[in-house]
Amino acid sequence: SEQLRRVLMEDPDDIETAATLARLYTWTKDFHKAEDVYRKHLQSLDPRKESDQVLLAPVLLDLHRPKEALETLQRLHRKTPDDLRWSIYLARCFTQLGQHEDASEILDRMSEVHTATINERLELASYLALVGSYKNAMKMYDQVLDVAPTNRAAKIGSARIQLHAFLPSSAKRTLDSLESDMGSDRQYQLTLGSYYVLIGDYAEAEGVFKEALSRNSEDHEFRIAIGDMYRVSGEYEKASGELRKIPKFSSRSREARYLLAKSLSEQHQFEESNTLCQVLYTEDGRDPRPLLLLVRNLGKLGSATQAEALGRKFLELNRNDAYATVNMDIALGNLMLDEERYLEAARLFQSATSHPYGQLAEAYYGLAKAQ
């Protein structure tokens with residue numbers, strides 16, 4: 001990024017470098033710098049000039065501005081419907097807007113798979129799974145497996161979605177079909193360990209994660225995995241010890257600190273958890289998880305009025321972020337339950353469960369308690 005920044009300083013009109021630099025900043029979660037590059041070099045691009053919009057639309061998606069990107073992407077997709085690039089960006093755009101049926105239709109039109117496009121489909125599937133659009137992610141993995149039945153990345157991705165859907169037996173069958181080829185593969189080991197965590201076999205999970213760490217003690221993804229496994233199993237001191245080993249400069253630092261805040265909350269150390277949440281939310285306001293946890297913590301501390309005000313302000317400012325608003329509805333619903341405001345709780349849980357992102361056991365359980 002430093003080299004790109006120097007190039008841009010020498011030639012501020014180099015919009016290709018500006019677009020690349022802005023996207024690079026978003027990938028490293030440095031949204032403040034990404035927004036700065038966008039405002040200084042890209043915001044004034046001519047919306048009538050297609051070459052400019054081709055550069056700008058992906059930047060807007062990475063900046064979580066799907067409404068601004070939608071019209072351009074739809075036009076580009078109509079103009080070149082066989083260009084997989086615009087289908088992928090448009091599917092991402094609809095997903096960010098919470099329009100999952102529209103995204104699904106785009107994916108259906110991509111069903112004619114060519115071997116040369118497998119990697120692009122895998123990247124889209126990974127993105128969809130990351131943001132919780134599991135049904136559409138599985139559709140992408142299925143498209144890949146239709147033409148490449150032994151594709152390892154697609155099988156592992158499918159197994160992870162099966163775990164998210166609480167289908168451990170299906171996930172294990174998928175993993176078993178890979179065992180002879182991938183016994184020491186990182187992604188296979190991470191997914192296998194997650195399977196053992198889900199079924200409550202913490203000893204097996206610990207063995208998988210420790211074996212990987214014995215090969216590379218600096219593998220922060222496995223370090224976080226074992227730390228979170230200790231959290232889930234209630235061994236909070238061990239969890240804290242592992243999660244605190246992740247250095248601040250690591251790309252995994254944010255995840256480790258969020259899980260540490262979650263662990264502290266589960267131990268009723270709400271004040272310390274809140275301090276971490278506030279730091280994380282200040283660093284990146286686009287990640288709703290720290291604020292969601294902060295709202296829950298404040299409710300537990302008896303500061304329900306403050307918690308509700310924070311949550312409702314967040315909803316006002318983030319109505320276009322379907323994933324964030326659904327999860328805030330659930331957090332506020334739980335707060336209303338604790339306050340015995342059952343009618344308001346029911347409305348919030350009904351709002352959450354009406355959306356694909358809200359098809360969660362916690363939301364349905366909350367709705368049942370509120371009614």
# chains A, B, ... in the order shown; residues from 1 in each chain; ligands from 1
call {"tool": "select_by_dssp", "arguments": {"residues": "segment 156-332 of chain A", "states": "helix (DSSP H, G or I)", "output": "NGL selection string"}}
result
:A and (156-164 or 168-176 or 179-182 or 186-198 or 202-215 or 220-232 or 236-243 or 253-266 or 270-283 or 289-300 or 304-317 or 322-332)
call {"tool": "residues_around", "arguments": {"residues": "segment 18-26 of chain A", "least_positions_apart": "6", "cutoff": "7 Å", "atoms": "only C-alpha atoms", "output": "NGL selection string"}}
result
:A and (1 or 4 or 8 or 33-34 or 37-38 or 41 or 55-56 or 59 or 62-63)
call {"tool": "residues_around", "arguments": {"residues": "Asp185 of chain A", "least_positions_apart": "5", "cutoff": "12 Å", "atoms": "only C-alpha atoms", "output": "number ranges by chain"}}
result
A: 152-153, 156, 175, 178-180, 190-192, 208, 211-212, 215
call {"tool": "closest_residue", "arguments": {"among": "A:Glu271, A:Asp102, A:Glu35, A:Glu120", "to": "Leu60 of chain A", "atoms": "only C-alpha atoms"}}
result
A:Glu35
call {"tool": "atom_distance", "arguments": {"atom1": "atom CA of Arg48 of chain A", "atom2": "atom CA of Leu97 of chain A"}}
result
23.6 Å
call {"tool": "residues_around", "arguments": {"residues": "Asn151 of chain A", "least_positions_apart": "5", "cutoff": "12 Å", "atoms": "only C-alpha atoms", "output": "list in words"}}
result
Thr115, Ile118, Asn119, Leu122, Tyr141, Asp142, Gln143, Val144, Leu145, Asp146, Ile156, Gly157, Ser158, Thr174, Ser177, Leu178, Asp181 and Met182 of chain A
call {"tool": "write_last_selection", "arguments": {"atoms": "N, CA and C atoms", "output": "PDB file, in the first residue's frame"}}
result
ATOM      1  N   THR A 115     -14.730 -24.514 -16.450  1.00  0.00           N
ATOM      2  CA  THR A 115     -13.619 -24.807 -15.539  1.00  0.00           C
ATOM      3  C   THR A 115     -12.805 -23.561 -15.233  1.00  0.00           C
ATOM      4  N   ILE A 118     -13.980 -21.432 -12.129  1.00  0.00           N
ATOM      5  CA  ILE A 118     -14.201 -22.066 -10.822  1.00  0.00           C
ATOM      6  C   ILE A 118     -13.668 -21.204  -9.687  1.00  0.00           C
ATOM      7  N   ASN A 119     -12.472 -20.662  -9.824  1.00  0.00           N
ATOM      8  CA  ASN A 119     -11.887 -19.871  -8.733  1.00  0.00           C
ATOM      9  C   ASN A 119     -12.739 -18.654  -8.403  1.00  0.00           C
ATOM     10  N   LEU A 122     -15.662 -19.826  -6.401  1.00  0.00           N
ATOM     11  CA  LEU A 122     -15.264 -20.162  -5.034  1.00  0.00           C
ATOM     12  C   LEU A 122     -15.086 -18.909  -4.187  1.00  0.00           C
ATOM     13  N   TYR A 141     -21.200 -23.374  -4.304  1.00  0.00           N
ATOM     14  CA  TYR A 141     -20.374 -24.576  -4.125  1.00  0.00           C
ATOM     15  C   TYR A 141     -20.951 -25.746  -4.930  1.00  0.00           C
ATOM     16  N   ASP A 142     -22.271 -25.865  -4.959  1.00  0.00           N
ATOM     17  CA  ASP A 142     -22.900 -26.939  -5.736  1.00  0.00           C
ATOM     18  C   ASP A 142     -22.608 -26.786  -7.225  1.00  0.00           C
ATOM     19  N   GLN A 143     -22.601 -25.543  -7.716  1.00  0.00           N
ATOM     20  CA  GLN A 143     -22.277 -25.316  -9.121  1.00  0.00           C
ATOM     21  C   GLN A 143     -20.866 -25.813  -9.440  1.00  0.00           C
ATOM     22  N   VAL A 144     -19.951 -25.549  -8.541  1.00  0.00           N
ATOM     23  CA  VAL A 144     -18.566 -26.000  -8.744  1.00  0.00           C
ATOM     24  C   VAL A 144     -18.502 -27.527  -8.705  1.00  0.00           C
ATOM     25  N   LEU A 145     -19.158 -28.120  -7.704  1.00  0.00           N
ATOM     26  CA  LEU A 145     -19.094 -29.578  -7.555  1.00  0.00           C
ATOM     27  C   LEU A 145     -19.805 -30.322  -8.677  1.00  0.00           C
ATOM     28  N   ASP A 146     -20.736 -29.654  -9.356  1.00  0.00           N
ATOM     29  CA  ASP A 146     -21.400 -30.282 -10.504  1.00  0.00           C
ATOM     30  C   ASP A 146     -20.414 -30.597 -11.626  1.00  0.00           C
ATOM     31  N   ILE A 156     -14.858 -28.415   1.322  1.00  0.00           N
ATOM     32  CA  ILE A 156     -14.624 -27.845   2.654  1.00  0.00           C
ATOM     33  C   ILE A 156     -15.591 -26.708   2.920  1.00  0.00           C
ATOM     34  N   GLY A 157     -15.815 -25.856   1.897  1.00  0.00           N
ATOM     35  CA  GLY A 157     -16.785 -24.776   2.051  1.00  0.00           C
ATOM     36  C   GLY A 157     -18.171 -25.307   2.340  1.00  0.00           C
ATOM     37  N   SER A 158     -18.557 -26.374   1.651  1.00  0.00           N
ATOM     38  CA  SER A 158     -19.864 -26.992   1.887  1.00  0.00           C
ATOM     39  C   SER A 158     -19.958 -27.525   3.313  1.00  0.00           C
ATOM     40  N   THR A 174     -19.015 -35.147   4.478  1.00  0.00           N
ATOM     41  CA  THR A 174     -18.259 -34.367   3.490  1.00  0.00           C
ATOM     42  C   THR A 174     -16.777 -34.398   3.823  1.00  0.00           C
ATOM     43  N   SER A 177     -14.978 -37.708   3.114  1.00  0.00           N
ATOM     44  CA  SER A 177     -14.658 -37.955   1.703  1.00  0.00           C
ATOM     45  C   SER A 177     -13.340 -37.320   1.294  1.00  0.00           C
ATOM     46  N   LEU A 178     -12.791 -36.461   2.167  1.00  0.00           N
ATOM     47  CA  LEU A 178     -11.529 -35.771   1.866  1.00  0.00           C
ATOM     48  C   LEU A 178     -10.364 -36.283   2.696  1.00  0.00           C
ATOM     49  N   ASP A 181      -6.951 -37.438   1.367  1.00  0.00           N
ATOM     50  CA  ASP A 181      -6.164 -36.471   0.615  1.00  0.00           C
ATOM     51  C   ASP A 181      -5.666 -35.307   1.459  1.00  0.00           C
ATOM     52  N   MET A 182      -6.397 -34.964   2.520  1.00  0.00           N
ATOM     53  CA  MET A 182      -6.168 -33.681   3.167  1.00  0.00           C
ATOM     54  C   MET A 182      -5.977 -33.765   4.672  1.00  0.00           C
TER      55      MET A 182
END
call {"tool": "closest_residue", "arguments": {"among": "A:Leu107, A:Leu42, A:Leu332, A:Val197", "to": "Met229 of chain A", "atoms": "only C-alpha atoms"}}
result
A:Val197
call {"tool": "residues_around", "arguments": {"residues": "Ser263 of chain A", "least_positions_apart": "2", "cutoff": "9 Å", "atoms": "only C-alpha atoms", "output": "PyMOL selection string"}}
result
chain A and resi 228+231-232+234+236+239-240+258-261+265-269+273
call {"tool": "write_last_selection", "arguments": {"atoms": "all heavy atoms", "output": "tab-separated table (two decimals), in the first residue's frame"}}
result
chain	number	residue	atom	x	y	z
A	228	ASP	N	-11.19	-19.93	21.08
A	228	ASP	CA	-12.65	-19.89	21.05
A	228	ASP	C	-13.25	-21.22	21.50
A	228	ASP	O	-14.32	-21.26	22.10
A	228	ASP	CB	-13.14	-19.52	19.65
A	228	ASP	CG	-14.59	-19.06	19.66
A	228	ASP	OD1	-14.97	-18.31	20.58
A	228	ASP	OD2	-15.35	-19.45	18.76
A	231	ARG	N	-13.39	-21.05	25.10
A	231	ARG	CA	-14.52	-20.20	25.50
A	231	ARG	C	-15.82	-20.97	25.47
A	231	ARG	O	-16.59	-20.96	26.44
A	231	ARG	CB	-14.62	-18.98	24.58
A	231	ARG	CG	-15.79	-18.06	24.91
A	231	ARG	CD	-16.02	-17.02	23.83
A	231	ARG	NE	-16.48	-17.60	22.58
A	231	ARG	CZ	-17.74	-17.95	22.31
A	231	ARG	NH1	-18.68	-17.78	23.23
A	231	ARG	NH2	-18.07	-18.46	21.14
A	232	VAL	N	-16.06	-21.67	24.38
A	232	VAL	CA	-17.32	-22.42	24.23
A	232	VAL	C	-17.44	-23.50	25.29
A	232	VAL	O	-18.52	-23.77	25.81
A	232	VAL	CB	-17.38	-23.04	22.81
A	232	VAL	CG1	-18.56	-24.00	22.68
A	232	VAL	CG2	-17.50	-21.94	21.75
A	234	GLY	N	-16.24	-23.34	28.24
A	234	GLY	CA	-16.30	-22.75	29.58
A	234	GLY	C	-14.96	-22.64	30.29
A	234	GLY	O	-14.90	-22.27	31.46
A	236	TYR	N	-12.55	-20.40	30.58
A	236	TYR	CA	-12.34	-19.01	30.21
A	236	TYR	C	-10.90	-18.54	30.41
A	236	TYR	O	-10.40	-17.70	29.63
A	236	TYR	CB	-13.30	-18.13	30.99
A	236	TYR	CG	-14.75	-18.36	30.60
A	236	TYR	CD1	-15.67	-18.88	31.52
A	236	TYR	CD2	-15.19	-18.08	29.32
A	236	TYR	CE1	-16.99	-19.10	31.16
A	236	TYR	CE2	-16.51	-18.30	28.95
A	236	TYR	CZ	-17.40	-18.81	29.87
A	236	TYR	OH	-18.71	-19.04	29.51
A	239	ALA	N	-9.03	-19.68	27.50
A	239	ALA	CA	-9.47	-18.91	26.33
A	239	ALA	C	-8.78	-17.56	26.31
A	239	ALA	O	-8.22	-17.14	25.27
A	239	ALA	CB	-10.99	-18.73	26.37
A	240	SER	N	-8.79	-16.88	27.45
A	240	SER	CA	-8.16	-15.57	27.54
A	240	SER	C	-6.66	-15.66	27.24
A	240	SER	O	-6.11	-14.83	26.51
A	240	SER	CB	-8.38	-14.99	28.94
A	240	SER	OG	-7.71	-13.76	29.09
A	258	TYR	N	-12.37	-9.39	19.67
A	258	TYR	CA	-13.83	-9.52	19.78
A	258	TYR	C	-14.21	-10.78	20.58
A	258	TYR	O	-15.07	-10.73	21.46
A	258	TYR	CB	-14.47	-9.57	18.40
A	258	TYR	CG	-15.92	-9.98	18.46
A	258	TYR	CD1	-16.88	-9.12	19.01
A	258	TYR	CD2	-16.34	-11.23	18.03
A	258	TYR	CE1	-18.20	-9.50	19.11
A	258	TYR	CE2	-17.67	-11.62	18.13
A	258	TYR	CZ	-18.59	-10.75	18.67
A	258	TYR	OH	-19.90	-11.13	18.78
A	259	LEU	N	-13.54	-11.89	20.29
A	259	LEU	CA	-13.84	-13.13	21.02
A	259	LEU	C	-13.45	-13.00	22.49
A	259	LEU	O	-14.11	-13.58	23.36
A	259	LEU	CB	-13.14	-14.31	20.35
A	259	LEU	CG	-13.71	-14.70	18.98
A	259	LEU	CD1	-12.81	-15.75	18.32
A	259	LEU	CD2	-15.13	-15.24	19.11
A	260	LEU	N	-12.39	-12.25	22.76
A	260	LEU	CA	-12.00	-12.00	24.15
A	260	LEU	C	-13.09	-11.19	24.86
A	260	LEU	O	-13.46	-11.49	26.00
A	260	LEU	CB	-10.66	-11.25	24.20
A	260	LEU	CG	-10.12	-10.90	25.59
A	260	LEU	CD1	-9.94	-12.16	26.45
A	260	LEU	CD2	-8.79	-10.14	25.46
A	261	ALA	N	-13.62	-10.17	24.17
A	261	ALA	CA	-14.72	-9.38	24.75
A	261	ALA	C	-15.93	-10.27	25.01
A	261	ALA	O	-16.61	-10.13	26.04
A	261	ALA	CB	-15.08	-8.24	23.80
A	265	SER	N	-17.61	-11.12	28.66
A	265	SER	CA	-19.05	-10.92	28.89
A	265	SER	C	-19.67	-12.17	29.48
A	265	SER	O	-20.49	-12.09	30.42
A	265	SER	CB	-19.73	-10.56	27.56
A	265	SER	OG	-21.13	-10.46	27.73
A	266	GLU	N	-19.30	-13.33	28.96
A	266	GLU	CA	-19.87	-14.58	29.46
A	266	GLU	C	-19.45	-14.86	30.91
A	266	GLU	O	-20.12	-15.60	31.63
A	266	GLU	CB	-19.45	-15.73	28.55
A	266	GLU	CG	-20.14	-15.67	27.18
A	266	GLU	CD	-19.55	-16.63	26.17
A	266	GLU	OE1	-18.69	-17.46	26.55
A	266	GLU	OE2	-19.93	-16.54	24.99
A	267	GLN	N	-18.33	-14.23	31.32
A	267	GLN	CA	-17.88	-14.36	32.72
A	267	GLN	C	-18.46	-13.24	33.59
A	267	GLN	O	-18.07	-13.09	34.74
A	267	GLN	CB	-16.36	-14.30	32.77
A	267	GLN	CG	-15.66	-15.43	32.05
A	267	GLN	CD	-14.17	-15.20	31.99
A	267	GLN	OE1	-13.46	-15.36	32.98
A	267	GLN	NE2	-13.67	-14.81	30.82
A	268	HIS	N	-19.38	-12.45	33.01
A	268	HIS	CA	-20.01	-11.32	33.70
A	268	HIS	C	-19.01	-10.21	34.02
A	268	HIS	O	-19.27	-9.39	34.91
A	268	HIS	CB	-20.74	-11.76	34.97
A	268	HIS	CG	-21.90	-12.66	34.69
A	268	HIS	ND1	-22.78	-13.09	35.66
A	268	HIS	CD2	-22.36	-13.21	33.54
A	268	HIS	CE1	-23.70	-13.87	35.12
A	268	HIS	NE2	-23.46	-13.95	33.82
A	269	GLN	N	-17.91	-10.15	33.30
A	269	GLN	CA	-16.95	-9.05	33.42
A	269	GLN	C	-17.33	-7.99	32.38
A	269	GLN	O	-16.60	-7.72	31.42
A	269	GLN	CB	-15.52	-9.57	33.23
A	269	GLN	CG	-15.09	-10.55	34.31
A	269	GLN	CD	-13.68	-11.07	34.10
A	269	GLN	OE1	-12.81	-10.36	33.58
A	269	GLN	NE2	-13.43	-12.31	34.49
A	273	SER	N	-15.31	-6.01	29.19
A	273	SER	CA	-15.81	-6.36	27.86
A	273	SER	C	-16.23	-5.11	27.11
A	273	SER	O	-15.92	-4.94	25.91
A	273	SER	CB	-16.98	-7.34	27.98
A	273	SER	OG	-17.54	-7.62	26.72
call {"tool": "residues_around", "arguments": {"residues": "segment 348-350 of chain A", "least_positions_apart": "2", "cutoff": "8 Å", "atoms": "only C-alpha atoms", "output": "ChimeraX atom specification"}}
result
/A:329-330,332-333,344-346,352-354,363-364,366-367
call {"tool": "residues_around", "arguments": {"residues": "segment 198-206 of chain A", "least_positions_apart": "3", "cutoff": "9 Å", "atoms": "only C-alpha atoms", "output": "ChimeraX atom specification"}}
result
/A:163,166,168,192-195,209-211,226,229-230,233
call {"tool": "closest_residue", "arguments": {"among": "A:Glu221, A:Asp108, A:Glu308, A:Asp13", "to": "Leu291 of chain A", "atoms": "only C-alpha atoms"}}
result
A:Glu308
call {"tool": "closest_residue", "arguments": {"among": "A:Ser251, A:Thr17, A:Gln99, A:Gln53", "to": "Asp30 of chain A", "atoms": "only C-alpha atoms"}}
result
A:Ser251
